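Structure file query_31.cif (mmCIF, C-alpha atoms and all ligand atoms) follows.
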data_target
loop_
_atom_site.label_atom_id
_atom_site.label_comp_id
_atom_site.auth_asym_id
_atom_site.auth_seq_id
_atom_site.Cartn_x
_atom_site.Cartn_y
_atom_site.Cartn_z
CA MET A 197 -16.16 -6.93 2.33
CA LYS A 198 -15.65 -3.55 3.96
CA LEU A 199 -12.64 -1.28 4.13
CA ILE A 200 -12.24 0.49 7.46
CA ILE A 201 -10.21 3.69 7.34
CA ALA A 202 -9.38 4.94 10.83
CA VAL A 203 -7.51 8.15 11.65
CA ILE A 204 -6.00 7.75 15.10
CA HIS A 205 -3.33 9.35 17.26
CA ASP A 206 0.23 8.15 16.76
CA GLU A 207 0.50 7.14 20.39
CA ASP A 208 -2.40 4.69 20.03
CA SER A 209 -1.06 3.21 16.82
CA HIS A 210 1.12 0.45 18.27
CA ARG A 211 -1.49 -0.63 20.82
CA LEU A 212 -4.27 -0.67 18.24
CA THR A 213 -2.23 -2.69 15.77
CA GLU A 214 -1.47 -5.25 18.47
CA GLY A 215 -5.11 -5.37 19.54
CA LEU A 216 -6.19 -5.93 15.93
CA ASN A 217 -3.55 -8.60 15.30
CA LYS A 218 -4.47 -10.44 18.47
CA ALA A 219 -8.07 -10.62 17.22
CA GLY A 220 -6.90 -11.85 13.82
CA PHE A 221 -7.15 -8.60 11.83
CA MET A 222 -4.41 -7.17 9.65
CA ALA A 223 -3.87 -3.43 9.52
CA THR A 224 -1.84 -1.28 7.15
CA LYS A 225 -0.55 1.99 8.59
CA LEU A 226 -0.17 5.14 6.53
CA ALA A 227 1.90 8.04 7.84
CA SER A 228 -0.36 11.07 8.12
CA THR A 229 -0.40 14.50 9.71
CA GLY A 230 -2.82 17.24 10.59
CA GLY A 231 -6.53 16.66 10.51
CA PHE A 232 -8.85 17.09 13.39
CA LEU A 233 -6.32 15.29 15.55
CA LYS A 234 -3.92 18.09 16.30
CA THR A 235 -0.91 15.99 17.21
CA GLY A 236 0.74 13.44 14.92
CA ASN A 237 -1.69 10.91 13.61
CA THR A 238 -1.75 7.64 11.75
CA THR A 239 -4.26 6.45 9.19
CA ILE A 240 -4.99 2.74 9.34
CA LEU A 241 -6.57 0.55 6.67
CA ILE A 242 -8.32 -2.67 7.70
CA GLY A 243 -10.14 -4.90 5.23
CA VAL A 244 -12.79 -7.07 6.91
CA PRO A 245 -15.86 -9.13 6.05
CA LYS A 246 -18.90 -7.02 6.85
CA GLU A 247 -19.95 -9.18 9.79
CA LYS A 248 -16.65 -8.30 11.49
CA VAL A 249 -17.01 -4.51 11.27
CA ASP A 250 -18.56 -4.15 14.74
CA GLU A 251 -15.79 -6.19 16.31
CA VAL A 252 -13.13 -3.96 14.76
CA ILE A 253 -15.00 -0.80 15.83
CA GLU A 254 -15.05 -2.13 19.39
CA ILE A 255 -11.29 -2.75 19.29
CA ILE A 256 -10.65 0.78 17.98
CA LYS A 257 -12.94 2.20 20.66
CA LYS A 258 -11.07 0.29 23.35
CA GLU A 259 -7.54 1.05 22.17
CA CYS A 260 -8.03 4.69 21.10
CA LYS A 261 -10.48 5.91 23.73
CA THR A 262 -10.47 9.68 24.14
CA ASN A 263 -9.45 10.79 27.57
CA LYS A 264 -8.26 13.99 29.15
CA GLN A 265 -4.94 14.34 30.91
CA MET A 266 -2.83 17.15 32.27
CA SER A 267 0.14 18.14 30.16
CA LEU A 268 2.85 20.81 30.20
CA LEU A 269 2.04 22.24 26.80
CA ASN A 270 3.82 25.47 27.68
CA PRO A 271 7.32 24.49 28.78
CA PRO A 272 9.84 27.33 29.15
CA VAL A 273 11.79 28.08 25.98
CA ALA A 274 14.99 30.02 25.37
CA GLY A 275 14.43 33.72 25.81
CA MET A 276 11.56 33.43 28.29
CA PRO A 277 11.69 35.99 31.09
CA ASP A 278 13.22 34.83 34.37
CA GLY A 279 10.75 33.37 36.78
CA TYR A 280 8.49 31.90 34.06
CA LEU A 281 6.70 28.85 35.38
CA PRO A 282 5.12 26.29 33.09
CA TYR A 283 1.61 25.37 34.21
CA PRO A 284 -0.33 22.22 33.37
CA ILE A 285 -3.23 22.42 30.97
CA GLU A 286 -5.82 19.82 30.11
CA VAL A 287 -5.47 18.12 26.75
CA THR A 288 -7.54 15.45 25.10
CA VAL A 289 -5.57 12.42 23.97
CA GLY A 290 -6.76 9.46 21.98
CA GLY A 291 -9.91 9.38 19.93
CA ALA A 292 -10.41 8.21 16.38
CA THR A 293 -12.34 9.08 13.26
CA VAL A 294 -13.53 5.99 11.42
CA PHE A 295 -14.94 5.57 7.93
CA VAL A 296 -16.42 2.23 6.89
CA ILE A 297 -16.58 1.84 3.12
CA ASP A 298 -18.14 -0.79 0.87
CA VAL A 299 -15.65 -2.83 -1.10
CA ASP A 300 -16.85 -3.70 -4.56
CA GLN A 301 -14.19 -6.31 -5.29
CA TYR A 302 -11.48 -7.72 -3.06
CA TYR A 303 -8.38 -9.63 -4.17
CA LYS A 304 -5.59 -11.29 -2.30
CA LEU A 305 -2.98 -11.92 -4.98
CA MET B 291 -15.18 5.20 -12.02
CA LYS B 292 -13.47 2.95 -9.50
CA LEU B 293 -10.70 3.58 -7.01
CA ILE B 294 -8.26 0.70 -6.66
CA ILE B 295 -6.35 0.61 -3.37
CA ALA B 296 -3.52 -1.91 -3.48
CA VAL B 297 -1.20 -2.77 -0.59
CA ILE B 298 1.98 -4.20 -2.07
CA HIS B 299 5.56 -4.92 -1.05
CA ASP B 300 8.03 -2.04 -1.32
CA GLU B 301 10.25 -4.06 -3.62
CA ASP B 302 7.44 -4.42 -6.18
CA SER B 303 6.51 -0.76 -6.04
CA HIS B 304 8.82 0.58 -8.73
CA ARG B 305 8.08 -2.27 -11.15
CA LEU B 306 4.33 -1.99 -10.63
CA THR B 307 4.33 1.77 -11.15
CA GLU B 308 6.25 1.32 -14.39
CA GLY B 309 3.92 -1.43 -15.54
CA LEU B 310 0.90 0.74 -14.82
CA ASN B 311 2.36 3.80 -16.53
CA LYS B 312 3.27 1.78 -19.60
CA ALA B 313 -0.38 0.71 -19.87
CA GLY B 314 -1.53 4.30 -19.42
CA PHE B 315 -2.56 4.23 -15.76
CA MET B 316 -1.46 6.74 -13.15
CA ALA B 317 -0.71 5.59 -9.63
CA THR B 318 -0.23 7.54 -6.41
CA LYS B 319 2.00 5.90 -3.80
CA LEU B 320 1.43 6.28 -0.07
CA ALA B 321 4.16 5.34 2.39
CA SER B 322 2.82 2.60 4.62
CA THR B 323 4.08 0.02 7.09
CA GLY B 324 2.93 -3.11 8.84
CA GLY B 325 -0.17 -4.89 7.75
CA PHE B 326 -0.36 -8.43 6.58
CA LEU B 327 2.76 -7.84 4.52
CA LYS B 328 5.42 -8.21 7.16
CA THR B 329 8.17 -6.27 5.39
CA GLY B 330 7.92 -2.65 4.28
CA ASN B 331 4.94 -2.02 2.09
CA THR B 332 3.47 0.63 -0.13
CA THR B 333 -0.18 1.52 -0.63
CA ILE B 334 -1.07 2.53 -4.16
CA LEU B 335 -4.13 4.45 -5.35
CA ILE B 336 -5.28 4.07 -8.94
CA GLY B 337 -8.42 5.70 -10.31
CA VAL B 338 -9.81 3.92 -13.37
CA PRO B 339 -12.99 3.64 -15.40
CA LYS B 340 -14.77 0.48 -14.32
CA GLU B 341 -14.13 -1.32 -17.62
CA LYS B 342 -10.38 -1.03 -16.92
CA VAL B 343 -10.40 -2.65 -13.48
CA ASP B 344 -9.61 -6.13 -14.78
CA GLU B 345 -6.67 -4.85 -16.78
CA VAL B 346 -5.18 -3.16 -13.70
CA ILE B 347 -5.74 -6.29 -11.59
CA GLU B 348 -3.85 -8.31 -14.20
CA ILE B 349 -0.94 -5.85 -14.09
CA ILE B 350 -0.82 -6.01 -10.28
CA LYS B 351 -0.97 -9.81 -10.44
CA LYS B 352 1.91 -9.87 -12.91
CA GLU B 353 4.16 -7.35 -11.17
CA CYS B 354 3.53 -8.38 -7.55
CA LYS B 355 3.17 -12.13 -7.93
CA THR B 356 3.77 -14.03 -4.71
CA ASN B 357 6.69 -16.35 -4.90
CA LYS B 358 8.85 -18.21 -2.44
CA GLN B 359 12.59 -17.76 -2.18
CA MET B 360 15.30 -18.80 0.23
CA SER B 361 16.56 -16.14 2.57
CA LEU B 362 18.95 -15.89 5.52
CA LEU B 363 16.40 -14.59 7.99
CA ASN B 364 18.55 -15.72 10.89
CA PRO B 365 21.94 -14.13 10.39
CA PRO B 366 24.35 -14.30 13.34
CA VAL B 367 24.10 -11.35 15.70
CA ALA B 368 26.43 -10.06 18.39
CA GLY B 369 26.47 -12.39 21.37
CA MET B 370 25.64 -15.56 19.43
CA PRO B 371 27.57 -18.63 20.59
CA ASP B 372 30.67 -19.53 18.60
CA GLY B 373 30.01 -21.88 15.76
CA TYR B 374 26.50 -20.56 15.03
CA LEU B 375 25.63 -21.06 11.39
CA PRO B 376 22.85 -19.15 9.70
CA TYR B 377 20.62 -21.42 7.67
CA PRO B 378 18.34 -20.48 4.79
CA ILE B 379 14.60 -20.45 5.36
CA GLU B 380 11.80 -20.10 2.88
CA VAL B 381 10.03 -16.75 2.78
CA THR B 382 7.19 -15.53 0.63
CA VAL B 383 7.90 -12.33 -1.26
CA GLY B 384 5.53 -10.28 -3.34
CA GLY B 385 1.79 -10.55 -3.16
CA ALA B 386 -0.78 -7.81 -2.90
CA THR B 387 -4.06 -7.04 -1.20
CA VAL B 388 -6.39 -5.13 -3.46
CA PHE B 389 -9.63 -3.26 -2.70
CA VAL B 390 -11.78 -1.99 -5.57
CA ILE B 391 -14.14 0.77 -4.45
CA ASP B 392 -17.00 2.59 -6.19
CA VAL B 393 -16.33 6.25 -6.86
CA ASP B 394 -19.44 8.39 -6.48
CA GLN B 395 -17.97 11.49 -8.12
CA TYR B 396 -14.64 12.03 -9.83
CA TYR B 397 -12.99 15.36 -10.59
CA LYS B 398 -9.81 16.30 -12.39
CA LEU B 399 -9.35 19.95 -11.47
CA MET C 1175 -21.45 10.97 4.77
CA LYS C 1176 -18.86 11.08 2.03
CA LEU C 1177 -15.11 10.60 2.08
CA ILE C 1178 -13.24 12.93 -0.25
CA ILE C 1179 -9.79 11.71 -1.30
CA ALA C 1180 -7.83 14.45 -3.08
CA VAL C 1181 -4.38 14.04 -4.61
CA ILE C 1182 -2.83 17.50 -4.81
CA HIS C 1183 0.57 19.09 -5.27
CA ASP C 1184 2.71 19.49 -2.16
CA GLU C 1185 2.94 23.21 -2.70
CA ASP C 1186 -0.85 23.60 -2.49
CA SER C 1187 -1.13 21.45 0.60
CA HIS C 1188 -0.68 24.13 3.26
CA ARG C 1189 -2.98 26.62 1.53
CA LEU C 1190 -5.69 24.00 0.96
CA THR C 1191 -5.58 22.81 4.56
CA GLU C 1192 -5.95 26.38 5.76
CA GLY C 1193 -8.79 27.04 3.33
CA LEU C 1194 -10.58 23.90 4.51
CA ASN C 1195 -10.07 24.68 8.19
CA LYS C 1196 -11.33 28.22 7.73
CA ALA C 1197 -14.53 26.79 6.25
CA GLY C 1198 -14.85 24.33 9.14
CA PHE C 1199 -13.55 21.18 7.46
CA MET C 1200 -10.89 18.90 8.89
CA ALA C 1201 -8.36 17.29 6.58
CA THR C 1202 -5.89 14.48 7.16
CA LYS C 1203 -2.75 14.55 5.02
CA LEU C 1204 -1.00 11.41 3.80
CA ALA C 1205 2.52 11.60 2.45
CA SER C 1206 2.47 10.39 -1.14
CA THR C 1207 4.65 10.38 -4.23
CA GLY C 1208 4.39 9.76 -7.93
CA GLY C 1209 1.08 9.57 -9.65
CA PHE C 1210 -0.08 11.75 -12.46
CA LEU C 1211 1.27 14.76 -10.58
CA LYS C 1212 4.92 14.56 -11.49
CA THR C 1213 6.31 16.58 -8.59
CA GLY C 1214 5.82 15.70 -4.92
CA ASN C 1215 2.20 15.29 -4.00
CA THR C 1216 0.01 14.95 -0.95
CA THR C 1217 -3.12 12.88 -0.55
CA ILE C 1218 -5.78 14.46 1.61
CA LEU C 1219 -8.75 12.78 3.30
CA ILE C 1220 -11.81 14.86 4.19
CA GLY C 1221 -14.97 13.37 5.68
CA VAL C 1222 -18.05 15.51 5.04
CA PRO C 1223 -21.84 15.27 5.06
CA LYS C 1224 -22.98 14.79 1.48
CA GLU C 1225 -24.56 18.26 1.25
CA LYS C 1226 -21.11 19.75 1.87
CA VAL C 1227 -19.30 17.97 -0.96
CA ASP C 1228 -19.77 20.78 -3.46
CA GLU C 1229 -18.42 23.35 -1.02
CA VAL C 1230 -15.26 21.29 -0.47
CA ILE C 1231 -14.82 20.76 -4.22
CA GLU C 1232 -15.02 24.53 -4.71
CA ILE C 1233 -12.34 25.08 -2.04
CA ILE C 1234 -10.05 22.51 -3.66
CA LYS C 1235 -10.66 24.10 -7.06
CA LYS C 1236 -9.79 27.53 -5.67
CA GLU C 1237 -6.70 26.52 -3.71
CA CYS C 1238 -5.23 23.99 -6.17
CA LYS C 1239 -6.19 25.59 -9.46
CA THR C 1240 -4.06 24.42 -12.36
CA ASN C 1241 -2.14 27.21 -13.96
CA LYS C 1242 0.77 27.48 -16.29
CA GLN C 1243 3.94 29.33 -15.41
CA MET C 1244 7.39 29.67 -16.88
CA SER C 1245 10.10 27.72 -15.14
CA LEU C 1246 13.80 26.95 -15.66
CA LEU C 1247 13.37 23.20 -15.79
CA ASN C 1248 16.69 22.85 -17.56
CA PRO C 1249 19.25 24.61 -15.39
CA PRO C 1250 22.92 24.03 -16.29
CA VAL C 1251 24.46 21.10 -14.47
CA ALA C 1252 28.07 20.07 -13.93
CA GLY C 1253 29.61 18.82 -17.14
CA MET C 1254 27.43 20.85 -19.52
CA PRO C 1255 29.29 22.28 -22.51
CA ASP C 1256 30.49 25.87 -22.22
CA GLY C 1257 28.00 28.40 -23.45
CA TYR C 1258 24.95 26.35 -22.44
CA LEU C 1259 22.05 28.66 -21.68
CA PRO C 1260 19.05 27.54 -19.69
CA TYR C 1261 15.78 28.55 -21.31
CA PRO C 1262 12.36 28.88 -19.69
CA ILE C 1263 9.74 26.29 -20.46
CA GLU C 1264 6.07 26.24 -19.62
CA VAL C 1265 5.01 23.94 -16.82
CA THR C 1266 1.62 23.28 -15.32
CA VAL C 1267 1.46 23.72 -11.56
CA GLY C 1268 -1.39 22.96 -9.24
CA GLY C 1269 -4.32 20.81 -10.16
CA ALA C 1270 -5.93 18.02 -8.20
CA THR C 1271 -7.50 14.62 -8.71
CA VAL C 1272 -10.50 14.12 -6.48
CA PHE C 1273 -12.46 10.98 -5.62
CA VAL C 1274 -15.74 11.27 -3.69
CA ILE C 1275 -16.70 8.01 -2.03
CA ASP C 1276 -19.82 6.88 -0.17
CA VAL C 1277 -19.29 6.21 3.50
CA ASP C 1278 -21.33 3.30 4.77
CA GLN C 1279 -20.78 4.01 8.46
CA TYR C 1280 -19.03 6.90 10.17
CA TYR C 1281 -17.79 7.00 13.76
CA LYS C 1282 -16.17 9.69 15.84
CA LEU C 1283 -14.89 7.79 18.87
NI NI D 1301 -7.46 13.87 19.74
NI NI D 1302 4.10 -10.95 1.41
NI NI D 1303 0.22 19.05 -11.85
#
Translate this file's structure into C-alpha cells.
Amino acid sequence: MKLIIAVIHDEDSHRLTEGLNKAGFMATKLASTGGFLKTGNTTILIGVPKEKVDEVIEIIKKECKTNKQMSLLNPPVAGMPDGYLPYPIEVTVGGATVFVIDVDQYYKL
Amino acid sequence: MKLIIAVIHDEDSHRLTEGLNKAGFMATKLASTGGFLKTGNTTILIGVPKEKVDEVIEIIKKECKTNKQMSLLNPPVAGMPDGYLPYPIEVTVGGATVFVIDVDQYYKL
Amino acid sequence: MKLIIAVIHDEDSHRLTEGLNKAGFMATKLASTGGFLKTGNTTILIGVPKEKVDEVIEIIKKECKTNKQMSLLNPPVAGMPDGYLPYPIEVTVGGATVFVIDVDQYYKL
C-alpha cells in the first residue's frame, strides 16, 4: 500500500477528484495554503495499492497539467491615478507536487 | 516511531480525540472533505512509538466503529409534488481509514 | 527525498514560512487544531532532498523555539466576584513536533 500526497491548485481540485473517482480511487482533500503554488492550493491524500501508483500519477498529470495563460493580475484599484490601464501578464496555472510514501500498515475500520 | 494518519467522520472526531487523550496520546486534527467518507470528515495525525500502534488502532476502532442507522436522506424540498413523504433509508455512519507510516526521524523542539 | 511534517503554533507559522522561503524551501500549510499544542496550530509540509533535512530542522528550531512567557490566562470574566484580580501565569509558547518521512517517489508535474 502507498499513500499519495499531492499538493495541487484549488482550481484543479474538483476535476482531479472526479477523475480519481471515475477511475475508482478515493481522495481526501485537506485545505491548505501557501507553498510553492502561489495561489490557493489543496492537499489530497490517496491510498492505493502499489501497482496502482502509476495510474494515479497519470490522472494527476492529466487533470493538473501546468499551462500558461494570460491574466489581469494588475487590475485597477481604488486610488490608482486616472488613465491607469491594466495589462495582461503570463501566469502559470495548474501543476502539482506529489509525494508517494510507503504505508507500513493499512486499516479500513 | 510511527505516524498514524486516520481519516474519520467529523461526528467521531471529538470522541476519538478524547479517547486518545485519555490514553495519553496527542492528536492533531486537519480539516478535510470528500474522500471515501461521503459526509464531512477529519484527518487526524498521531505520532506514536511503534509498540503503541495497536493500542491506538483499538481506540480508533472503538470510537469510530461503523454502524448502520436509519436516516431521512430524502427530505421534501421546495417544488416536490403534494403528498410526497420522506422515507427512512439505511446509511452507514462512522468508520475510518487508517495509514500507519514509518517515521525516519522524530523531533520535539 | 524526505517529507517533513511539522506541527507548529499558529503564531510561528508566518515567521517559519518566511524563514523557509528565504533559505529556498517551499512549505505547504494545512489548517489544523488540537493536538499537543493547546492553542491553534498549523501543520506544515516541506519536501526536501535528504541532505537538506538538518538545515530545515535548524530553521524550525530557530523560528518555533519553545520559550516561557508570562501571560494573563485568567482574565476577569462577566460574573466574577468583585475584587477579583487576574494574576500572571507562566505559559510555554512556540515549540514544534516534527516527523521526517522517507519519500518513495517524488514528482513535480
Ligand atoms: Ni502553479
Ligand atoms: Ni462512512
Ligand atoms: Ni506549545
A:Val244: which residues within 12 Å, counting all atoms listed in the file, same-chain residues fewer than 5 positions away excluded, as a tab-separated table (two decimals) with C-alpha atoms, keeping the file's coordinate frame?
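The result, stored in out_25.tsv:
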chain	number	residue	atom	x	y	z
A	197	MET	CA	-16.16	-6.93	2.33
A	198	LYS	CA	-15.65	-3.55	3.96
A	199	LEU	CA	-12.64	-1.28	4.13
A	200	ILE	CA	-12.24	0.49	7.46
A	201	ILE	CA	-10.21	3.69	7.34
A	216	LEU	CA	-6.19	-5.93	15.93
A	219	ALA	CA	-8.07	-10.62	17.22
A	220	GLY	CA	-6.90	-11.85	13.82
A	221	PHE	CA	-7.15	-8.60	11.83
A	222	MET	CA	-4.41	-7.17	9.65
A	223	ALA	CA	-3.87	-3.43	9.52
A	249	VAL	CA	-17.01	-4.51	11.27
A	250	ASP	CA	-18.56	-4.15	14.74
A	251	GLU	CA	-15.79	-6.19	16.31
A	252	VAL	CA	-13.13	-3.96	14.76
A	253	ILE	CA	-15.00	-0.80	15.83
A	296	VAL	CA	-16.42	2.23	6.89
A	297	ILE	CA	-16.58	1.84	3.12
A	298	ASP	CA	-18.14	-0.79	0.87
A	299	VAL	CA	-15.65	-2.83	-1.10
A	302	TYR	CA	-11.48	-7.72	-3.06
B	387	THR	CA	-4.06	-7.04	-1.20
B	389	PHE	CA	-9.63	-3.26	-2.70
**OP:** For chain C, work out the contacting residues on chain A at 12 Å, counting all atoms listed in the file, and write them as a PyMOL selection string.
**Re:** chain A and resi 197-205+225-240+246+249-250+252-263+289-300
Since we have the selection now, will you write its residues out, keeping C-alpha atoms, as a short mmCIF file (atom, residue, chain, number, x, y, z; two decimals), in the frame of the given file?
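Saved file out17.cif follows:
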data_model
loop_
_atom_site.label_atom_id
_atom_site.label_comp_id
_atom_site.auth_asym_id
_atom_site.auth_seq_id
_atom_site.Cartn_x
_atom_site.Cartn_y
_atom_site.Cartn_z
CA MET A 197 -16.16 -6.93 2.33
CA LYS A 198 -15.65 -3.55 3.96
CA LEU A 199 -12.64 -1.28 4.13
CA ILE A 200 -12.24 0.49 7.46
CA ILE A 201 -10.21 3.69 7.34
CA ALA A 202 -9.38 4.94 10.83
CA VAL A 203 -7.51 8.15 11.65
CA ILE A 204 -6.00 7.75 15.10
CA HIS A 205 -3.33 9.35 17.26
CA LYS A 225 -0.55 1.99 8.59
CA LEU A 226 -0.17 5.14 6.53
CA ALA A 227 1.90 8.04 7.84
CA SER A 228 -0.36 11.07 8.12
CA THR A 229 -0.40 14.50 9.71
CA GLY A 230 -2.82 17.24 10.59
CA GLY A 231 -6.53 16.66 10.51
CA PHE A 232 -8.85 17.09 13.39
CA LEU A 233 -6.32 15.29 15.55
CA LYS A 234 -3.92 18.09 16.30
CA THR A 235 -0.91 15.99 17.21
CA GLY A 236 0.74 13.44 14.92
CA ASN A 237 -1.69 10.91 13.61
CA THR A 238 -1.75 7.64 11.75
CA THR A 239 -4.26 6.45 9.19
CA ILE A 240 -4.99 2.74 9.34
CA LYS A 246 -18.90 -7.02 6.85
CA VAL A 249 -17.01 -4.51 11.27
CA ASP A 250 -18.56 -4.15 14.74
CA VAL A 252 -13.13 -3.96 14.76
CA ILE A 253 -15.00 -0.80 15.83
CA GLU A 254 -15.05 -2.13 19.39
CA ILE A 255 -11.29 -2.75 19.29
CA ILE A 256 -10.65 0.78 17.98
CA LYS A 257 -12.94 2.20 20.66
CA LYS A 258 -11.07 0.29 23.35
CA GLU A 259 -7.54 1.05 22.17
CA CYS A 260 -8.03 4.69 21.10
CA LYS A 261 -10.48 5.91 23.73
CA THR A 262 -10.47 9.68 24.14
CA ASN A 263 -9.45 10.79 27.57
CA VAL A 289 -5.57 12.42 23.97
CA GLY A 290 -6.76 9.46 21.98
CA GLY A 291 -9.91 9.38 19.93
CA ALA A 292 -10.41 8.21 16.38
CA THR A 293 -12.34 9.08 13.26
CA VAL A 294 -13.53 5.99 11.42
CA PHE A 295 -14.94 5.57 7.93
CA VAL A 296 -16.42 2.23 6.89
CA ILE A 297 -16.58 1.84 3.12
CA ASP A 298 -18.14 -0.79 0.87
CA VAL A 299 -15.65 -2.83 -1.10
CA ASP A 300 -16.85 -3.70 -4.56
#
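The space between atom CA of C:Arg1189 and atom NI of ligand NI 1303 (chain D) spans 15.7 Å.
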Original post:
What does the distance between atom CA of C:Ser1187 and atom CA of B:Glu308 come to in Å, to one decimal place?
Top reply: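 Going from atom CA of C:Ser1187 over to atom CA of B:Glu308 covers 26.2 Å.
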